[in-house]
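What follows is the content of run29.cif (mmCIF, C-alpha atoms).
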```cif
data_input
#
loop_
_atom_site.label_atom_id
_atom_site.label_comp_id
_atom_site.auth_asym_id
_atom_site.auth_seq_id
_atom_site.Cartn_x
_atom_site.Cartn_y
_atom_site.Cartn_z
CA MET A 1 61.69 42.14 31.35
CA THR A 2 63.17 40.32 28.39
CA LYS A 3 66.96 40.23 28.45
CA SER A 4 68.95 41.50 25.49
CA LEU A 5 69.44 38.86 22.81
CA HIS A 6 72.66 38.22 20.92
CA ASP A 7 73.54 36.46 17.72
CA ALA A 8 75.23 33.24 18.87
CA ASN A 9 77.71 33.35 15.99
CA SER A 10 78.71 37.00 15.86
CA GLY A 11 77.94 38.15 19.38
CA ARG A 12 75.94 41.00 17.88
CA ARG A 13 72.91 42.15 19.83
CA ILE A 14 69.63 41.23 18.09
CA PRO A 15 67.09 44.05 18.34
CA ALA A 16 63.54 43.35 19.39
CA GLU A 17 60.60 44.30 17.22
CA VAL A 18 58.98 47.75 17.48
CA VAL A 19 55.21 47.81 17.04
CA LEU A 20 53.60 50.98 15.70
CA LEU A 21 50.21 50.56 17.31
CA SER A 22 47.01 52.38 16.37
CA ALA A 23 45.02 53.27 19.48
CA GLY A 24 41.97 54.45 17.54
CA PRO A 25 39.89 57.57 18.29
CA GLY A 26 39.66 57.05 22.04
CA ASP A 27 37.05 54.40 22.79
CA LEU A 28 39.13 51.44 23.96
CA GLU A 29 36.46 49.02 22.74
CA LEU A 30 37.44 50.01 19.19
CA LEU A 31 40.94 48.56 19.61
CA THR A 32 41.61 45.53 17.43
CA LEU A 33 42.39 42.16 18.98
CA LYS A 34 45.84 42.39 17.42
CA ALA A 35 46.42 45.68 19.25
CA VAL A 36 45.33 44.21 22.58
CA ARG A 37 47.67 41.24 22.15
CA ALA A 38 50.59 43.52 21.37
CA LEU A 39 49.87 45.58 24.47
CA GLU A 40 49.68 42.50 26.69
CA VAL A 41 53.30 41.57 25.94
CA ALA A 42 54.72 45.10 25.68
CA GLU A 43 57.70 45.93 27.87
CA VAL A 44 58.03 49.59 26.88
CA LEU A 45 55.05 51.75 25.94
CA LEU A 46 55.76 55.06 24.17
CA LEU A 47 52.48 56.90 24.60
CA ASP A 48 51.07 59.82 22.59
CA ASP A 49 49.15 62.63 24.32
CA LEU A 50 45.83 62.09 22.54
CA VAL A 51 45.59 58.38 23.40
CA ASN A 52 43.04 57.29 25.99
CA PRO A 53 45.14 57.06 29.19
CA GLY A 54 43.28 53.90 30.18
CA ILE A 55 45.17 52.01 27.51
CA VAL A 56 48.06 51.53 29.95
CA ASP A 57 45.90 49.07 31.89
CA LEU A 58 46.08 46.76 28.88
CA ALA A 59 49.89 46.73 29.10
CA PRO A 60 50.47 45.48 32.67
CA HIS A 61 54.15 44.62 32.15
CA ALA A 62 55.23 47.78 30.34
CA ARG A 63 57.24 50.75 31.42
CA VAL A 64 55.22 53.79 30.24
CA VAL A 65 57.09 56.66 28.59
CA ARG A 66 54.96 59.64 27.61
CA VAL A 67 56.07 61.22 24.34
CA GLY A 68 53.26 63.63 23.62
CA LYS A 69 53.04 65.66 20.43
CA ARG A 70 50.24 68.20 20.15
CA GLY A 71 49.99 71.31 18.00
CA GLY A 72 50.53 74.56 19.90
CA CYS A 73 51.83 72.74 22.99
CA ARG A 74 55.22 71.66 24.26
CA SER A 75 56.00 68.45 22.41
CA THR A 76 58.55 65.66 22.56
CA PRO A 77 60.95 66.10 19.60
CA GLN A 78 60.47 63.48 16.90
CA ALA A 79 64.20 62.72 16.71
CA PHE A 80 64.21 61.94 20.45
CA ILE A 81 61.25 59.55 20.06
CA CYS A 82 63.06 57.72 17.26
CA ARG A 83 66.19 57.35 19.37
CA LEU A 84 64.16 56.03 22.31
CA MET A 85 62.59 53.33 20.15
CA ARG A 86 65.98 52.33 18.79
CA ARG A 87 67.58 52.28 22.25
CA TYR A 88 64.94 50.07 23.86
CA ALA A 89 64.72 47.75 20.85
CA LEU A 90 68.49 47.27 20.86
CA GLN A 91 68.20 46.28 24.51
CA GLY A 92 65.96 43.45 23.38
CA LEU A 93 62.79 44.96 24.85
CA ARG A 94 59.39 44.72 23.20
CA VAL A 95 58.57 48.32 22.27
CA VAL A 96 55.05 49.47 21.42
CA ARG A 97 54.77 52.99 20.04
CA VAL A 98 51.14 53.97 20.67
CA LYS A 99 49.57 56.53 18.34
CA GLY A 100 46.06 57.96 18.33
CA GLY A 101 43.77 57.05 15.45
CA ASP A 102 45.55 55.03 12.79
CA ALA A 103 49.34 54.98 13.03
CA LEU A 104 49.69 55.54 9.29
CA MET A 105 47.53 58.69 9.19
CA PHE A 106 49.43 61.92 9.93
CA GLY A 107 51.39 60.25 12.72
CA ARG A 108 54.91 60.53 11.27
CA ALA A 109 54.98 56.78 10.90
CA GLY A 110 56.95 57.06 7.67
CA GLU A 111 59.82 58.82 9.45
CA GLU A 112 59.86 56.27 12.26
CA ILE A 113 59.74 53.27 9.93
CA ALA A 114 62.63 54.61 7.87
CA PHE A 115 64.71 55.41 10.97
CA LEU A 116 64.19 52.00 12.57
CA ARG A 117 64.84 50.05 9.39
CA GLN A 118 68.06 51.97 8.85
CA ALA A 119 69.06 50.97 12.39
CA GLY A 120 68.28 47.33 11.62
CA VAL A 121 65.25 47.26 13.91
CA PRO A 122 62.24 45.27 12.65
CA VAL A 123 58.94 47.15 12.57
CA ARG A 124 55.37 45.85 12.68
CA ILE A 125 52.29 48.00 12.10
CA VAL A 126 48.93 47.44 13.76
CA ASN A 127 46.14 49.37 12.07
CA GLY A 128 43.23 51.07 13.79
CA ILE A 129 40.28 53.40 13.30
CA SER A 130 41.12 56.94 12.27
CA ALA A 131 39.22 59.95 13.65
CA ALA A 132 37.33 60.68 10.43
CA PHE A 133 35.69 57.24 10.47
CA ALA A 134 34.75 57.55 14.14
CA ALA A 135 33.37 61.03 13.47
CA ALA A 136 31.22 59.79 10.60
CA ALA A 137 29.92 56.94 12.75
CA SER A 138 28.94 59.43 15.46
CA LEU A 139 27.07 61.52 12.90
CA GLY A 140 25.38 58.44 11.48
CA VAL A 141 26.54 59.15 7.93
CA SER A 142 28.68 57.55 5.27
CA LEU A 143 31.78 59.36 4.07
CA THR A 144 30.92 58.33 0.51
CA HIS A 145 27.59 58.27 -1.27
CA ARG A 146 26.74 57.18 -4.78
CA GLU A 147 24.53 60.24 -5.28
CA HIS A 148 26.83 62.82 -3.71
CA CYS A 149 30.53 61.97 -3.93
CA HIS A 150 32.88 59.31 -5.25
CA GLY A 151 35.63 59.32 -2.65
CA ILE A 152 37.31 60.72 0.44
CA THR A 153 40.34 62.98 0.73
CA PHE A 154 42.27 62.95 4.01
CA VAL A 155 44.28 66.14 4.44
CA THR A 156 46.19 67.92 7.17
CA ALA A 157 45.41 71.62 7.54
CA HIS A 158 49.05 72.66 7.32
CA THR A 159 52.14 71.42 5.57
CA ALA A 160 55.61 70.79 6.98
CA ASP A 161 56.74 74.26 5.87
CA HIS A 162 53.73 75.84 7.68
CA GLY A 163 51.93 76.42 4.40
CA GLU A 164 48.41 75.35 3.48
CA PRO A 165 47.01 72.71 1.15
CA ASP A 166 45.65 73.67 -2.26
CA TRP A 167 42.07 74.23 -1.11
CA GLU A 168 40.88 75.04 -4.62
CA ALA A 169 42.12 71.69 -5.95
CA LEU A 170 40.62 69.88 -2.97
CA ALA A 171 37.26 71.57 -3.51
CA ARG A 172 37.32 70.60 -7.20
CA SER A 173 37.96 66.94 -6.31
CA GLY A 174 34.30 66.35 -5.52
CA THR A 175 35.27 64.16 -2.57
CA THR A 176 34.38 64.36 1.10
CA LEU A 177 37.16 66.31 2.79
CA ALA A 178 38.38 64.95 6.14
CA ILE A 179 40.57 67.72 7.55
CA TYR A 180 42.88 66.93 10.44
CA MET A 181 44.73 69.33 12.76
CA GLY A 182 42.67 72.28 11.59
CA MET A 183 40.97 73.64 14.71
CA GLY A 184 43.67 76.24 15.29
CA ARG A 185 43.05 77.79 11.88
CA LEU A 186 39.37 77.02 11.46
CA ALA A 187 38.37 80.50 10.28
CA SER A 188 41.05 80.45 7.59
CA ILE A 189 40.01 76.98 6.38
CA ILE A 190 36.33 77.91 6.18
CA GLY A 191 37.17 81.13 4.36
CA ALA A 192 39.31 79.28 1.82
CA LEU A 193 36.69 76.60 1.19
CA ARG A 194 33.89 79.14 0.83
CA ARG A 195 35.78 80.70 -2.06
CA HIS A 196 35.58 77.40 -3.95
CA LEU A 197 32.48 75.57 -2.66
CA PRO A 198 28.80 76.54 -2.49
CA ALA A 199 27.74 78.18 0.75
CA ASP A 200 25.19 75.42 1.39
CA THR A 201 27.80 72.62 1.32
CA PRO A 202 27.21 70.40 4.38
CA ALA A 203 30.00 70.36 6.96
CA ALA A 204 30.67 69.10 10.47
CA ILE A 205 33.23 69.27 13.25
CA VAL A 206 33.62 66.42 15.73
CA GLN A 207 35.71 66.61 18.89
CA ALA A 208 36.65 63.53 20.93
CA ALA A 209 34.90 61.24 18.46
CA SER A 210 33.66 57.97 20.04
CA GLN A 211 34.36 59.16 23.60
CA SER A 212 31.93 60.03 26.40
CA CYS A 213 32.98 63.70 26.17
CA GLU A 214 32.28 63.84 22.43
CA ARG A 215 30.91 67.08 20.99
CA TYR A 216 29.98 67.96 17.44
CA VAL A 217 28.26 70.51 15.25
CA VAL A 218 26.65 70.01 11.86
CA ALA A 219 25.92 72.99 9.61
CA THR A 220 26.29 74.36 6.13
CA LEU A 221 29.70 75.74 5.26
CA GLN A 222 28.45 79.31 5.57
CA ASP A 223 27.20 78.70 9.12
CA LEU A 224 29.99 76.43 10.34
CA ALA A 225 32.09 79.13 12.01
CA THR A 226 29.12 80.37 14.04
CA SER A 227 28.10 76.85 15.05
CA ALA A 228 31.69 76.00 16.04
CA MET A 229 31.64 78.70 18.71
CA SER A 230 29.75 76.24 20.93
CA LEU A 231 32.58 73.70 20.81
CA GLU A 232 35.32 73.41 23.41
CA ALA A 233 38.07 75.90 22.66
CA GLY A 234 41.58 74.56 22.25
CA GLN A 235 40.52 70.96 21.78
CA PRO A 236 41.42 69.00 18.64
CA GLY A 237 38.75 67.82 16.25
CA VAL A 238 38.22 66.54 12.74
CA ILE A 239 36.48 68.72 10.15
CA LEU A 240 34.31 67.00 7.53
CA VAL A 241 33.08 68.82 4.43
CA GLY A 242 31.07 67.48 1.50
CA ARG A 243 27.70 66.52 0.05
CA ALA A 244 27.75 63.09 1.66
CA LEU A 245 27.14 64.85 4.98
CA ALA A 246 23.75 66.05 3.76
CA GLU A 247 22.28 62.97 5.44
CA ALA A 248 23.26 64.42 8.83
CA LEU A 249 21.67 67.86 8.50
CA PRO A 250 17.97 66.97 8.97
CA GLN A 251 18.59 64.69 11.95
CA CYS A 252 21.24 66.55 13.93
CA ALA A 253 20.78 69.60 16.13
CA ALA A 254 23.32 72.40 15.79
CA THR A 255 25.23 71.31 18.87
CA ILE A 256 25.21 67.94 20.60
CA ASP A 257 26.97 67.44 23.93
CA SER A 258 26.19 63.76 24.35
CA ALA A 259 27.70 60.59 23.04
CA VAL A 260 26.59 58.75 19.92
CA PRO A 261 22.77 58.85 19.40
CA GLU A 262 20.90 55.66 20.28
CA GLN A 263 19.23 55.51 16.89
CA VAL A 264 21.60 56.12 14.01
CA PRO A 265 19.93 57.67 10.92
CA ALA A 266 19.77 55.33 7.95
CA ILE A 267 21.78 56.06 4.84
CA ALA A 268 19.55 56.40 1.79
#
```
Encoded form using structure tokens:
Amino acid sequence: MTKSLHDANSGRRIPAEVVLLSAGPGDLELLTLKAVRALEVAEVLLLDDLVNPGIVDLAPHARVVRVGKRGGCRSTPQAFICRLMRRYALQGLRVVRVKGGDALMFGRAGEEIAFLRQAGVPVRIVNGISAAFAAAASLGVSLTHREHCHGITFVTAHTADHGEPDWEALARSGTTLAIYMGMGRLASIIGALRRHLPADTPAAIVQAASQSCERYVVATLQDLATSAMSLEAGQPGVILVGRALAEALPQCAATIDSAVPEQVPAIA
């Protein structure tokens, strides 16, 4: 372990850097080289629940502290996680805070960055692949399409005050909707979107994107709830809605229990 460092002139302890590391959707081969290098020298690993547990093998010198946060389950309080990062960094230890997907996407990175900077702790961010991109790759589709949509909107299914996004405004945007943390209120989301989008709008749900246990369904919006009954209950997933997904409908069966298809459909 690295010993605590001190400013030679003032005697003040110099904090080590905290790395907010993106672990991607689960397939460890999708980690960036920068992420692997940060893990190799990590001395403390603060590990999210949804991260592939095998990632600890890439951090052979690190003490592993599990700080899981998952909707509907007992979670580690965010304030406690922030204090842990500060404590270890002030001890001069190399801290890597490991988050699923991309660290900057719905992972409370903004709160952690602000907290650490206020404490005088330097922060470095290592980007990764977010679940929506892995899900689209599994489906063999693009999230944008010149003929169908002009952008992507990433949205969480519930706000900090337990409210809901403005589904009408999102539907009017004409973008592909990538909806995170929505499996627990899937029926409500589908109902809201059906009030503002055509019933034949293509949609998909992907669980465990990029992993060997991956499951997904592809359907029209009106049939999505029925198709989703074949998915694994209680497991997180990303919901994709929009015309760009039309490319997936002819090629994909209603339910697929295997990993990514060997032959990915071409995008027109």
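Distance-wise, atom CA of A:Ala103 and atom CA of A:Asp57 end up 20.1 Å apart.
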Fill in: Surrounding residues of A:Leu84 excluding itself and chain neighbours under 5 positions, 9 Å, all atoms listed in the file, as a ChimeraX atom specification
/A:46,79,89
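This file, filtered with the PyMOL selection byres ((chain A and resi 154) around 7), gives the residues A:Ile152, A:Thr153, A:Val155, A:Leu177, A:Ala178, A:Ile179.
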Practice prompt. Record the distance separating atom CA of A:Gln211 and atom CA of A:Thr76, expressed in Å with one decimal.
Written response: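 Separation between atom CA of A:Gln211 and atom CA of A:Thr76: 25.1 Å.
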Mind giving me the axis-aligned box for stretch 196-202 of chain A with 8 Å on every side, centre plus edges in Å to one decimal, as JSON?
```
{"center_x": 30.4, "center_y": 74.3, "center_z": 0.2, "size_x": 26.4, "size_y": 23.8, "size_z": 24.3}
```
Discussion item. So that I can see what lies close to A:Ile205, please list as a list in words the residues with an atom at most 7 Å from it, counting all atoms listed in the file and leaving out residues fewer than 2 positions away in the same chain.
Written reply: Gln207, Tyr216, Val217, Val218, Gly237, Val238, Ile239 and Leu240 of chain A
Write out N, CA, C and O atoms for stretch 223-236 of chain A, as a PDB file, in the frame of the given file.
```pdb
ATOM      1  N   ASP A 223      27.567  78.553   7.703  1.00  0.00           N
ATOM      2  CA  ASP A 223      27.200  78.700   9.120  1.00  0.00           C
ATOM      3  C   ASP A 223      28.144  77.959  10.068  1.00  0.00           C
ATOM      4  O   ASP A 223      27.960  78.007  11.285  1.00  0.00           O
ATOM      5  N   LEU A 224      29.150  77.293   9.508  1.00  0.00           N
ATOM      6  CA  LEU A 224      29.990  76.430  10.340  1.00  0.00           C
ATOM      7  C   LEU A 224      30.755  77.207  11.400  1.00  0.00           C
ATOM      8  O   LEU A 224      30.868  76.763  12.547  1.00  0.00           O
ATOM      9  N   ALA A 225      31.300  78.359  11.039  1.00  0.00           N
ATOM     10  CA  ALA A 225      32.090  79.130  12.010  1.00  0.00           C
ATOM     11  C   ALA A 225      31.244  79.545  13.203  1.00  0.00           C
ATOM     12  O   ALA A 225      31.692  79.473  14.356  1.00  0.00           O
ATOM     13  N   THR A 226      30.013  79.971  12.951  1.00  0.00           N
ATOM     14  CA  THR A 226      29.120  80.370  14.040  1.00  0.00           C
ATOM     15  C   THR A 226      28.772  79.168  14.917  1.00  0.00           C
ATOM     16  O   THR A 226      28.802  79.245  16.150  1.00  0.00           O
ATOM     17  N   SER A 227      28.447  78.049  14.285  1.00  0.00           N
ATOM     18  CA  SER A 227      28.100  76.850  15.050  1.00  0.00           C
ATOM     19  C   SER A 227      29.279  76.361  15.890  1.00  0.00           C
ATOM     20  O   SER A 227      29.101  75.879  17.011  1.00  0.00           O
ATOM     21  N   ALA A 228      30.498  76.496  15.354  1.00  0.00           N
ATOM     22  CA  ALA A 228      31.690  76.000  16.040  1.00  0.00           C
ATOM     23  C   ALA A 228      31.990  76.756  17.324  1.00  0.00           C
ATOM     24  O   ALA A 228      32.765  76.274  18.162  1.00  0.00           O
ATOM     25  N   MET A 229      31.392  77.920  17.497  1.00  0.00           N
ATOM     26  CA  MET A 229      31.640  78.700  18.710  1.00  0.00           C
ATOM     27  C   MET A 229      31.149  77.965  19.961  1.00  0.00           C
ATOM     28  O   MET A 229      31.578  78.259  21.074  1.00  0.00           O
ATOM     29  N   SER A 230      30.264  76.998  19.786  1.00  0.00           N
ATOM     30  CA  SER A 230      29.750  76.240  20.930  1.00  0.00           C
ATOM     31  C   SER A 230      30.651  75.074  21.313  1.00  0.00           C
ATOM     32  O   SER A 230      30.426  74.417  22.332  1.00  0.00           O
ATOM     33  N   LEU A 231      31.675  74.806  20.515  1.00  0.00           N
ATOM     34  CA  LEU A 231      32.580  73.700  20.810  1.00  0.00           C
ATOM     35  C   LEU A 231      33.603  74.123  21.862  1.00  0.00           C
ATOM     36  O   LEU A 231      33.739  75.308  22.192  1.00  0.00           O
ATOM     37  N   GLU A 232      34.330  73.137  22.366  1.00  0.00           N
ATOM     38  CA  GLU A 232      35.320  73.410  23.410  1.00  0.00           C
ATOM     39  C   GLU A 232      36.580  74.001  22.808  1.00  0.00           C
ATOM     40  O   GLU A 232      37.243  73.370  21.971  1.00  0.00           O
ATOM     41  N   ALA A 233      36.917  75.199  23.212  1.00  0.00           N
ATOM     42  CA  ALA A 233      38.070  75.900  22.660  1.00  0.00           C
ATOM     43  C   ALA A 233      39.365  75.175  22.992  1.00  0.00           C
ATOM     44  O   ALA A 233      39.530  74.630  24.088  1.00  0.00           O
ATOM     45  N   GLY A 234      40.266  75.146  22.025  1.00  0.00           N
ATOM     46  CA  GLY A 234      41.580  74.560  22.250  1.00  0.00           C
ATOM     47  C   GLY A 234      41.640  73.064  22.137  1.00  0.00           C
ATOM     48  O   GLY A 234      42.718  72.476  22.279  1.00  0.00           O
ATOM     49  N   GLN A 235      40.522  72.414  21.888  1.00  0.00           N
ATOM     50  CA  GLN A 235      40.520  70.960  21.780  1.00  0.00           C
ATOM     51  C   GLN A 235      40.587  70.530  20.315  1.00  0.00           C
ATOM     52  O   GLN A 235      39.983  71.153  19.447  1.00  0.00           O
ATOM     53  N   PRO A 236      41.325  69.462  20.028  1.00  0.00           N
ATOM     54  CA  PRO A 236      41.420  69.000  18.640  1.00  0.00           C
ATOM     55  C   PRO A 236      40.096  68.430  18.154  1.00  0.00           C
ATOM     56  O   PRO A 236      39.231  68.040  18.943  1.00  0.00           O
TER      57      PRO A 236
END
```
